[in-house]
Structures are given as C-alpha cells and as structure tokens.
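Data first, discussion second: the structure below is written as structure tokens.
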Amino acid sequence: MAGFRLIDVAKPFLPILPEVESPLERVPFDEKMVYTIFTALIYLFAEFPLTGISKDFQTATVNDPIYFLRGVFAASPKTLLEFGIFPIISSALLLQLLAGLKIIKVNFKIQKDRELFQTLTKLFAVSQYFILTNIFIFSGYYGANLSILQIALLNFQLCGAGLFITLLTEVVDKGFGFASGIMILNTAAVATNFIADTFGVSQIKIDAAGHTEAQGSLMNLIQSFRNKDTTILGGIIASFTRDYLPNFTTTVVVVLFAAIVCYLQSVRLELPVRSTRTRGVNNVYPIRLLNIGALALLFSYIVLFYVHIFSFILIQIVANNNQESIICKILGHYDNVNNLLAVPTFPLSLLTPPRSFFGGMVSQPLTFVVYTSFVVFTSICFASQWQNISGSSARDLAAEFKDQGITLTGRREQNIAKELDKIVPVASNTGAAMLALLAVTGELLGLKGKAAGIVIGIAGGFSLLELITLDYQQSGGQSALSSVLGAPNAGM
C-alpha cells in the first residue's frame with residue numbers, strides 16, 4: 001500500500017470507459033469552428049424532459065433544492081440536463097487542485113499518468129451523476145413510490161446523459177474545438193438561458209389553482225396588460241417583483257452586470273519591459289486583473305453545491321423534512337414556494353441567497369453578511385492557490401521573462417521575481433474578490449444564480465473569443481467561413 005496512488009483506482013476502468021481519440025494532425029480553423037458550434041448546439045438541444053417521473057410530480061412536496069445554482073452549472077430541472085455540467089466541472093477542478101497541491105500523486109510528464117488522471121476525472125464525473133441521480137430519486141423529488149422500472153429508467157437517462165456530456169466536452173478538450181468543452185457549454189447555456197428568461201413564452205404553473213405565467217420577464221410584462229386574474233397595475237408590479245420566476249428587474253440588472261464584467265476584462269496593468277539581448281528594445285507586458293478568469297467564483301459555487309446537496313440528504317432523506325427532527329432543528333428545513341422551489345430556513349438559509357432583496361432584508365438580514373463573506377473568502381483562497389499550481393505565479397512569470405530574454409525596465413534581473421510577487425498575487429486576489437462581490441451583489445438582489453451565471457459566462461466568452469482570434473491569426477487568416485461572412489482575408 002505504500003506505493004498506492006489515487007490515480008491507480010482508474011486502471012481497471014481504462015479499457016471500459018469510452019474515450020475520444022486525439023486528432024492525428026492539426027485541426028483546421030474551420031473544422032474547429034464547426035465542432036465548437038455543434039458541440040454547443042447538441043448540448044442545448046439535449047434538454048428533453050425525463051421519462052419515468054411519477055404522474056403526481058407537479059404536486060409533490062419535494063421541490064428544487066438547487067434552484068439558485070442551476071444558472072451557474074447550465075442545469076435544467078426535470079430534464080436530461082438535471083445536473084448540467086456540475087459533475088464535470090467539479091471533478092476536473094477539484095482533482096487538478098488536489099494534484100497541484102501534491103495531495104494526489106501524479107507526474108504529468110509521464111503519458112501513462114496523464115491517461116490515468118484523465119480516466120479518474122471522467123470516472124469521478126460519471127460517479128457523481130449516478131450519486132446525484134439517486135439522491136434526487138430517493139428524496140421524492142421525482143415523485144413518491146416509484147417502481148423499480150421507473151428508478152432504473154431515471155438512472156439510465158440521467159447517467160447516460162452525464163456520460164454523453166462528458167464525452168461531448170472531451171471532443172473539444174482533445175483539440176477538435178476551441179478552449180475547453182466546459183467553457184463552451186457553460187457560455188452557450190448562459191446566453192440561451194438569458195434569452196429564455198427574457199423572451200420565453202412557456203407557461204409555467206405557479207400555484208395549486210392552476211394559474212400560469214410566462215417564463216420570460218418581458219413576455220410576462222406584456223401579458224400583464226391582459227391578465228384577467230389581476231388588475232393592469234397589479235400585473236405590471238408583479239412582473240417587476242415576482243420572486244419565483246425571472247422578473248423584469250432582474251433582467252435589467254443582469255444586463256448591467258454583463259457590462260461591468262466586460263469592462264473588468266479590459267482592466268490591466270502594463271509593466272514596462274526591455275530586452276536583455278538587444279539594446280534599446282522596449283515594450284510593455286500586461287498583467288490582467290482577471291488573469292484567472294472566473295475559476296475562483298466557479299470554485300465557490302462548487303463548494304456551495306456540495307454544502308446544499310449534503311444538507312438536502314440529511315434534511316429530506318434522513319429527517320424527511322420533519323421540523324420536529326433534531327436534524328431540522330440544527331440545519332433548518334425546506335419551505336416549498338409556489339410548487340417550484342425548496343427554500344431552506346435558518347441556519348442553512350445563511351448560505352442561500354434571498355429570493356428578493358427586500359424580503360431578505362426583513363426575514364434574513366444576516367444572510368447578506370454570511371453569504372458574501374463565504375463566497376469572497378473561498379474565491380480569494382482558491383485564487384491564491386491556483387496561481388501557484390497553474391503556472392501563472394510570480395516565479396513562473398519571472399522564468400518566462402528569462403526564457404524570452406526580457407526584464408522589467410529599471411529593475412535588476414535577479415529581483416524580477418520579487419517585483420512581480422508584489423503585483424501578480426494582488427491582481428489575482430483582487431480580480432477574484434471583485435467578481436465574487438459582483439456575483440454576490442446580484443444574488444442578494446434576488447437573481448437566484450443568474451448573476452453568478454452571467455459573470456462566469458461572460459468571462460468564459462471572452463476567453464473563448466481570445467482563443468478563436470489567436471487560432472485565426474495563427475492560421476494566417478485562411479478560412480472559408482471568413483470568406484462566406486465577408487471578413488477581410490488576413491493573408492492578403
């Protein structure tokens with residue numbers, strides 16, 4: 001056992017788990033674009049409703065316990081995308097973090113270790129799909145008294161969809177598309193969710209009496225002018241204030257937050273540098289504020305997901321949401337809201353954003369402090385660790401300067417690492433804290449995951465755009481797509 005490594009657990013599964021082969025040669029720009037677009041489209045069109053759910057699920061007492069996390073992980077309730085890309089993101093991020101901290105022993109210079117690590121990541125993701133599926137089944141989320149056939153059918157659908165999504169992201173990760181598959185799926189889902197939350201015409205049942213409202217905030221505002229159940233003024237006010245579905249106020253706030261993230265993406269500190277090989281050659285080296293993107297915020301929401309799933313197991317499955325149970329007295333219980341949401345009470349509510357700002361101020365003011373502190377603290381902790389293990393620390397940057405034959409203007413080459421150490425960690429931690437505060441502000445205003453989702457989606461979109469632009473330039477601008485779209489040819 002002294003030589004046992006965690007990645008060795010994946011050895012028996014190497015010949016079993018399906019794998020996408022890496023391309024034998026460099027994939028042309030146009031083919032990458034096609035793979036990227038179709039990967040996103042396949043995921044978006046995979047939102048099929050589940051088969052095998054109990055017929056009385058709409059009147060079930062167990063509602064959605066992760067409603068405010070779905071926007072972050074591109075998940076959709078009661079569909080094949082029930083858990084979205086959470087298992088894939090959490091598996092990849094957590095295992096990479098553990099490997100970087102040397103908790104998991106793996107040598108990425110050895111091909112066999114890389115294969116075992118990739119298989120372990122995939123195995124962890126598929127296992128999480130299976131575990132989450134059965135947690136939701138046995139909690140009564142899909143209805144009570146399910147038959148063996150229904151349970152097997154739900155497992156087949158959700159676990160099969162999870163494995164398919166894992167392979168879908170692997171197609172992009174192996175070099176057939178741009179960036180990472182997770183980034184593409186998340187960005188596409190955030191964009192389409194915003195469109196659905198604004199213009200969606202789907203009528204959703206909101207109470208036991210059978211009343212329905214449009215999913216889209218703008219469509220709901222328009223329908224309020226001809227709603228027979230309320231006055232015109234009451235309908236308009238409700239379209240701006242409803243807390244169980246997207247309202248028009250949240251739509252405006254989301255657009256504002258997207259603009260702020262776009263601005264933060266352009267914030268950078270330009271360090272003057274000079275060549276150590278050629279006299280008189282000067283330039284600038286940019287240090288971006290968001291140099292690790294939204295990974296830190298994503299990590300915070302992964303931790304929140306695990307906290308709420310573990311609490312859901314204890315409260316709903318073990319204690320059956322019985323307020324007299326000792327577990328519910330310690331952790332709180334779930335209140336079902338509008339037959340849609342399972343909203344936790346104190347103290348679990350401290351790690352749950354309020355459904356509306358004013359309601360939160362009145363009923364749970366302590367949440368504003370605890371929730372903000374938790375997200376900001378975990379984001380900063382992750383950012384400080386990630387820069388050290390991802391090759392973006394001050395020491396790594398100093399080594400890169402040395403290899404490129406450049407140094408900071410007015411500084412000795414021997415002191416470059418110390419000088420960069422005053423800048424790089426501050427930029428990483430500040431950027432992570434600012435994105436966390438931005439997301440938390442939106443959540444406390446009642447966006448229910450939309451704020452964090454838009455922050456992560458915009459940051460991922462910018463990274464994707466940069467990689468596409470870089471690949472286009474490296475291809476010499478030779479693209480049939482650019483000719484079709486009328487873009488100028490870079491090679492001319």
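Ligands are numbered from 1 in the order shown, residues from 1 within each chain, and chains are lettered A, B, ... in the order they appear in the structure tokens.
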I'd like the contact shell of range 277-292 of chain A - 9 Å cut-off, only C-alpha atoms, skipping same-chain residues fewer than 5 positions apart - returned as number ranges by chain.
A: 264-272, 383, 386-387, 392, 405-406, 408-409, 423-424, 426-432, 435, 459
If we count only C-alpha atoms, what is near Pro49 in chain A at a cut-off of 8 Å, once residues fewer than 3 positions away on the same chain are taken out, given as a PyMOL selection string?
chain A and resi 78-80
List as a list in words the protein and nucleic acid residues near Phe374 in chain A, meaning an atom at most 10 Å away when only C-alpha atoms are counted, but skip any in the same chain fewer than 6 places from it.
Ser300, Val303, Leu304, Leu350, Leu351, Ala436 and Val440 of chain A
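CA of Val190 in chain A lies 23.4 Å from CA of Lys205 in chain A.
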Using backbone DSSP assignments, extract all alpha helix (DSSP H) residues from range 152-390 of chain A; output them as a ChimeraX atom specification.
/A:152-171,181-199,217-223,232-241,248-265,295-312,326-331,357-363,366-389
Which residues come within 10 Å of Ile165 in chain A, counting only C-alpha atoms, excluding same-chain residues fewer than 6 positions away, as a list in words?
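Close residues of Ile165 in chain A: Thr39, Ile42, Tyr43, Ala46, Leu81, Gly84, Ile85, Ile88, Val126, Cys159, Val171, Gly181, Ile182 and Leu185 of chain A.
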Written selection (all heavy atoms) as an mmCIF file, in the first residue's frame:
```cif
data_model
loop_
_atom_site.group_PDB
_atom_site.id
_atom_site.type_symbol
_atom_site.label_atom_id
_atom_site.label_comp_id
_atom_site.auth_asym_id
_atom_site.auth_seq_id
_atom_site.Cartn_x
_atom_site.Cartn_y
_atom_site.Cartn_z
ATOM 1 N N THR A 39 -21.048 21.341 -30.888
ATOM 2 C CA THR A 39 -20.991 20.876 -29.503
ATOM 3 C C THR A 39 -21.964 21.653 -28.638
ATOM 4 O O THR A 39 -22.715 21.073 -27.834
ATOM 5 C CB THR A 39 -19.567 21.028 -28.945
ATOM 6 O OG1 THR A 39 -18.671 20.194 -29.688
ATOM 7 C CG2 THR A 39 -19.515 20.635 -27.474
ATOM 8 N N ILE A 42 -25.659 20.757 -29.700
ATOM 9 C CA ILE A 42 -26.078 19.430 -29.223
ATOM 10 C C ILE A 42 -26.463 19.493 -27.752
ATOM 11 O O ILE A 42 -27.472 18.918 -27.326
ATOM 12 C CB ILE A 42 -24.961 18.391 -29.458
ATOM 13 C CG1 ILE A 42 -24.802 18.114 -30.951
ATOM 14 C CG2 ILE A 42 -25.264 17.091 -28.710
ATOM 15 C CD1 ILE A 42 -23.591 17.265 -31.283
ATOM 16 N N TYR A 43 -25.670 20.213 -26.972
ATOM 17 C CA TYR A 43 -25.977 20.325 -25.537
ATOM 18 C C TYR A 43 -27.291 21.067 -25.315
ATOM 19 O O TYR A 43 -28.124 20.654 -24.496
ATOM 20 C CB TYR A 43 -24.839 21.050 -24.813
ATOM 21 C CG TYR A 43 -25.063 21.150 -23.314
ATOM 22 C CD1 TYR A 43 -24.752 20.078 -22.486
ATOM 23 C CD2 TYR A 43 -25.589 22.296 -22.732
ATOM 24 C CE1 TYR A 43 -24.963 20.148 -21.123
ATOM 25 C CE2 TYR A 43 -25.807 22.377 -21.372
ATOM 26 C CZ TYR A 43 -25.493 21.303 -20.572
ATOM 27 O OH TYR A 43 -25.717 21.370 -19.222
ATOM 28 N N ALA A 46 -30.322 19.042 -26.051
ATOM 29 C CA ALA A 46 -30.452 17.820 -25.246
ATOM 30 C C ALA A 46 -31.384 18.008 -24.054
ATOM 31 O O ALA A 46 -31.507 17.113 -23.219
ATOM 32 C CB ALA A 46 -29.075 17.367 -24.748
ATOM 33 N N LEU A 81 -30.758 17.338 -18.570
ATOM 34 C CA LEU A 81 -29.710 18.222 -18.066
ATOM 35 C C LEU A 81 -29.986 18.606 -16.614
ATOM 36 O O LEU A 81 -29.726 19.728 -16.197
ATOM 37 C CB LEU A 81 -29.611 19.472 -18.947
ATOM 38 C CG LEU A 81 -29.433 19.239 -20.444
ATOM 39 C CD1 LEU A 81 -29.295 20.560 -21.179
ATOM 40 C CD2 LEU A 81 -28.218 18.348 -20.707
ATOM 41 N N GLY A 84 -26.736 19.373 -15.206
ATOM 42 C CA GLY A 84 -25.910 20.200 -16.081
ATOM 43 C C GLY A 84 -24.495 19.681 -16.207
ATOM 44 O O GLY A 84 -24.246 18.479 -16.361
ATOM 45 N N ILE A 85 -23.556 20.609 -16.095
ATOM 46 C CA ILE A 85 -22.142 20.246 -16.213
ATOM 47 C C ILE A 85 -21.435 20.294 -14.860
ATOM 48 O O ILE A 85 -20.206 20.271 -14.803
ATOM 49 C CB ILE A 85 -21.432 21.183 -17.213
ATOM 50 C CG1 ILE A 85 -21.648 22.647 -16.819
ATOM 51 C CG2 ILE A 85 -21.912 20.944 -18.627
ATOM 52 C CD1 ILE A 85 -20.937 23.631 -17.714
ATOM 53 N N ILE A 88 -18.908 17.422 -14.140
ATOM 54 C CA ILE A 88 -17.706 17.522 -14.973
ATOM 55 C C ILE A 88 -16.799 18.639 -14.468
ATOM 56 O O ILE A 88 -15.580 18.466 -14.337
ATOM 57 C CB ILE A 88 -18.097 17.776 -16.443
ATOM 58 C CG1 ILE A 88 -19.061 16.698 -16.928
ATOM 59 C CG2 ILE A 88 -16.859 17.804 -17.333
ATOM 60 C CD1 ILE A 88 -19.643 16.962 -18.299
ATOM 61 N N VAL A 126 -18.768 10.724 -13.800
ATOM 62 C CA VAL A 126 -19.872 9.791 -14.027
ATOM 63 C C VAL A 126 -20.421 9.289 -12.692
ATOM 64 O O VAL A 126 -21.645 9.132 -12.525
ATOM 65 C CB VAL A 126 -19.401 8.619 -14.905
ATOM 66 C CG1 VAL A 126 -20.491 7.565 -15.031
ATOM 67 C CG2 VAL A 126 -18.999 9.120 -16.287
ATOM 68 N N CYS A 159 -27.740 9.171 -15.978
ATOM 69 C CA CYS A 159 -26.342 8.727 -16.026
ATOM 70 C C CYS A 159 -25.853 8.623 -17.467
ATOM 71 O O CYS A 159 -24.709 8.972 -17.774
ATOM 72 C CB CYS A 159 -26.179 7.382 -15.313
ATOM 73 S SG CYS A 159 -26.539 7.462 -13.545
ATOM 74 N N VAL A 171 -14.507 15.945 -26.649
ATOM 75 C CA VAL A 171 -14.258 16.203 -28.066
ATOM 76 C C VAL A 171 -13.542 17.540 -28.242
ATOM 77 O O VAL A 171 -12.566 17.653 -28.992
ATOM 78 C CB VAL A 171 -15.585 16.199 -28.855
ATOM 79 C CG1 VAL A 171 -15.366 16.702 -30.280
ATOM 80 C CG2 VAL A 171 -16.180 14.797 -28.885
ATOM 81 N N GLY A 181 -14.315 22.221 -23.456
ATOM 82 C CA GLY A 181 -15.710 21.909 -23.693
ATOM 83 C C GLY A 181 -16.620 22.481 -22.626
ATOM 84 O O GLY A 181 -17.739 22.926 -22.910
ATOM 85 N N ILE A 182 -16.142 22.471 -21.384
ATOM 86 C CA ILE A 182 -16.943 23.001 -20.281
ATOM 87 C C ILE A 182 -17.232 24.481 -20.497
ATOM 88 O O ILE A 182 -18.358 24.958 -20.304
ATOM 89 C CB ILE A 182 -16.201 22.785 -18.942
ATOM 90 C CG1 ILE A 182 -16.099 21.300 -18.631
ATOM 91 C CG2 ILE A 182 -16.907 23.511 -17.810
ATOM 92 C CD1 ILE A 182 -15.249 20.991 -17.422
ATOM 93 N N LEU A 185 -19.900 24.944 -23.331
ATOM 94 C CA LEU A 185 -21.247 24.588 -22.908
ATOM 95 C C LEU A 185 -21.804 25.596 -21.927
ATOM 96 O O LEU A 185 -22.977 25.984 -22.013
ATOM 97 C CB LEU A 185 -21.252 23.185 -22.289
ATOM 98 C CG LEU A 185 -20.822 22.026 -23.190
ATOM 99 C CD1 LEU A 185 -21.015 20.697 -22.469
ATOM 100 C CD2 LEU A 185 -21.594 22.030 -24.496
#
```
Closest of A:Val9, A:Val72, A:Leu245, A:Val343 to Met183 in chain A - atom-to-atom distances counting only C-alpha atoms
A:Val72
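Across the model, the gap from CA of Thr192 in chain A to CA of Val375 in chain A is 25.5 Å.
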Go ahead and compute the interatomic distance for CA of Ile104 in chain A and CA of Ala296 in chain A, in Å to one decimal.
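Separation of CA of Ile104 in chain A and CA of Ala296 in chain A: 20.5 Å.
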Restricting to only C-alpha atoms, whichever of A:Gly100, A:Arg226, A:Gln111, A:Gly52 is closest to Gly143 in chain A is A:Gly52
Given the choices A:Pro365, A:Gly391, A:Pro354, A:Gly162, which gets closest to Gly442 in chain A if the distance is worked out from only C-alpha atoms?
A:Pro354
Need the shell around Ala75 in chain A: protein/DNA/RNA residues with any atom at most 10 Å away, counting only C-alpha atoms. Skip same-chain ones fewer than 4 positions apart. Format as a compact mmCIF listing (two decimals) with N, CA, C and O atoms, in the first residue's frame?
```
# COMPACT_ATOMS: atom_id res chain seq x y z
N GLU A 47 -32.05 19.13 -23.99
CA GLU A 47 -32.91 19.44 -22.84
C GLU A 47 -34.28 18.77 -23.00
O GLU A 47 -35.33 19.43 -23.02
N ILE A 66 -31.76 23.12 -5.45
CA ILE A 66 -30.57 23.76 -6.00
C ILE A 66 -30.97 24.79 -7.06
O ILE A 66 -30.21 25.05 -8.00
N TYR A 67 -32.13 25.40 -6.89
CA TYR A 67 -32.65 26.33 -7.90
C TYR A 67 -31.72 27.50 -8.16
O TYR A 67 -31.60 27.97 -9.30
N LEU A 69 -28.51 27.50 -8.01
CA LEU A 69 -27.22 27.04 -8.53
C LEU A 69 -27.31 26.57 -9.98
O LEU A 69 -26.29 26.36 -10.63
N ARG A 70 -28.50 26.42 -10.49
CA ARG A 70 -28.68 25.88 -11.85
C ARG A 70 -28.13 26.82 -12.92
O ARG A 70 -27.56 26.36 -13.92
N GLY A 71 -28.28 28.12 -12.73
CA GLY A 71 -27.79 29.07 -13.72
C GLY A 71 -26.27 29.04 -13.87
O GLY A 71 -25.74 29.36 -14.94
N THR A 79 -35.22 17.51 -16.56
CA THR A 79 -34.79 17.20 -17.93
C THR A 79 -33.52 16.34 -17.89
O THR A 79 -32.99 16.05 -16.81
N LEU A 80 -33.03 15.96 -19.07
CA LEU A 80 -31.78 15.20 -19.13
C LEU A 80 -30.61 16.02 -18.60
O LEU A 80 -29.58 15.46 -18.22
N LEU A 81 -30.76 17.34 -18.57
CA LEU A 81 -29.71 18.22 -18.07
C LEU A 81 -29.99 18.61 -16.61
O LEU A 81 -29.73 19.73 -16.20
N GLU A 82 -30.52 17.67 -15.85
CA GLU A 82 -30.89 17.93 -14.45
C GLU A 82 -29.73 18.49 -13.65
O GLU A 82 -29.88 19.42 -12.86
N PHE A 83 -28.53 17.93 -13.84
CA PHE A 83 -27.36 18.37 -13.08
C PHE A 83 -26.36 19.14 -13.95
O PHE A 83 -25.27 19.48 -13.49
N GLY A 84 -26.74 19.37 -15.21
CA GLY A 84 -25.91 20.20 -16.08
C GLY A 84 -24.49 19.68 -16.21
O GLY A 84 -24.25 18.48 -16.36
N ILE A 85 -23.56 20.61 -16.09
CA ILE A 85 -22.14 20.25 -16.21
C ILE A 85 -21.43 20.29 -14.86
O ILE A 85 -20.21 20.27 -14.80
N PHE A 86 -22.23 20.32 -13.77
CA PHE A 86 -21.60 20.38 -12.44
C PHE A 86 -20.64 19.22 -12.18
O PHE A 86 -19.51 19.45 -11.74
N ASN A 186 -20.98 26.03 -20.99
CA ASN A 186 -21.45 26.99 -19.99
C ASN A 186 -21.80 28.33 -20.63
O ASN A 186 -22.84 28.92 -20.32
N ALA A 189 -25.00 27.97 -22.67
CA ALA A 189 -26.18 27.80 -21.82
C ALA A 189 -26.57 29.11 -21.14
O ALA A 189 -27.76 29.43 -21.03
N ASN A 193 -30.11 30.80 -21.71
CA ASN A 193 -30.95 30.98 -20.52
C ASN A 193 -31.38 32.42 -20.37
O ASN A 193 -32.52 32.71 -19.96
```
A:Ala10, A:Ile309, A:Ala196, A:Val273: which is nearest Ile131 in chain A, counting only C-alpha atoms?
A:Ile309
Considering only C-alpha atoms, state which residue in the set A:Thr187, A:Ala74, A:Asn320, A:Phe117 is at the smallest distance from Leu98 in chain A.
A:Phe117
Neighbour list for Thr250 in chain A as a count of residues only, cut-off 10 Å, only C-alpha atoms, skip fewer than 3 positions in-chain:
23
Would you give me, as a list in words, the residues in range 312-357 of chain A that DSSP reads as strand (DSSP E)?
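Those residues are Tyr334, Asp335, Asn336, Val337, Leu341, Ala342, Val343 and Pro344 of chain A.
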I'd like the neighbourhood of range 32-35 of chain A as a ChimeraX atom specification, where a residue qualifies if any of its atoms comes within 10 Å (using only C-alpha atoms), though same-chain residues fewer than 4 positions away should be ignored.
/A:26-28,39-41,171-172,175-178,468,471,481
Residues just named, written with N, CA, C and O atoms as a compact mmCIF listing (two decimals), in the first residue's frame:
```txt
# COMPACT_ATOMS: atom_id res chain seq x y z
N ARG A 26 -3.05 18.58 -36.97
CA ARG A 26 -3.66 19.83 -36.53
C ARG A 26 -5.01 20.04 -37.22
O ARG A 26 -5.13 19.95 -38.43
N VAL A 27 -6.03 20.32 -36.40
CA VAL A 27 -7.37 20.53 -36.94
C VAL A 27 -7.47 21.93 -37.52
O VAL A 27 -7.14 22.91 -36.85
N PRO A 28 -7.91 22.08 -38.78
CA PRO A 28 -8.03 23.41 -39.40
C PRO A 28 -9.01 24.31 -38.63
O PRO A 28 -9.89 23.82 -37.92
N THR A 39 -21.05 21.34 -30.89
CA THR A 39 -20.99 20.88 -29.50
C THR A 39 -21.96 21.65 -28.64
O THR A 39 -22.71 21.07 -27.83
N ALA A 40 -21.96 22.98 -28.80
CA ALA A 40 -22.89 23.82 -28.03
C ALA A 40 -24.34 23.53 -28.41
O ALA A 40 -25.21 23.42 -27.53
N LEU A 41 -24.62 23.36 -29.71
CA LEU A 41 -25.99 23.12 -30.15
C LEU A 41 -26.52 21.77 -29.65
O LEU A 41 -27.68 21.66 -29.23
N VAL A 171 -14.51 15.95 -26.65
CA VAL A 171 -14.26 16.20 -28.07
C VAL A 171 -13.54 17.54 -28.24
O VAL A 171 -12.57 17.65 -28.99
N VAL A 172 -14.01 18.55 -27.53
CA VAL A 172 -13.39 19.88 -27.61
C VAL A 172 -12.05 19.88 -26.90
O VAL A 172 -11.06 20.44 -27.40
N GLY A 175 -8.84 18.82 -28.69
CA GLY A 175 -8.28 19.65 -29.75
C GLY A 175 -9.14 19.80 -30.98
O GLY A 175 -8.75 20.48 -31.93
N PHE A 176 -10.35 19.20 -30.97
CA PHE A 176 -11.23 19.34 -32.13
C PHE A 176 -11.94 20.69 -32.14
O PHE A 176 -12.47 21.10 -33.18
N GLY A 177 -12.00 21.34 -30.99
CA GLY A 177 -12.66 22.64 -30.90
C GLY A 177 -11.77 23.65 -30.20
O GLY A 177 -10.59 23.40 -29.96
N PHE A 178 -12.34 24.80 -29.87
CA PHE A 178 -11.59 25.86 -29.20
C PHE A 178 -11.78 25.75 -27.69
O PHE A 178 -12.84 25.36 -27.20
N ILE A 468 -10.17 31.92 -30.12
CA ILE A 468 -10.58 31.86 -31.53
C ILE A 468 -9.79 32.87 -32.35
O ILE A 468 -9.31 32.56 -33.46
N ASP A 471 -6.18 31.60 -32.76
CA ASP A 471 -6.10 30.50 -33.72
C ASP A 471 -6.30 31.00 -35.15
O ASP A 471 -5.65 30.52 -36.08
N LEU A 481 -14.94 30.24 -43.75
CA LEU A 481 -16.01 30.92 -43.04
C LEU A 481 -15.87 32.43 -43.14
O LEU A 481 -16.86 33.15 -43.28
```
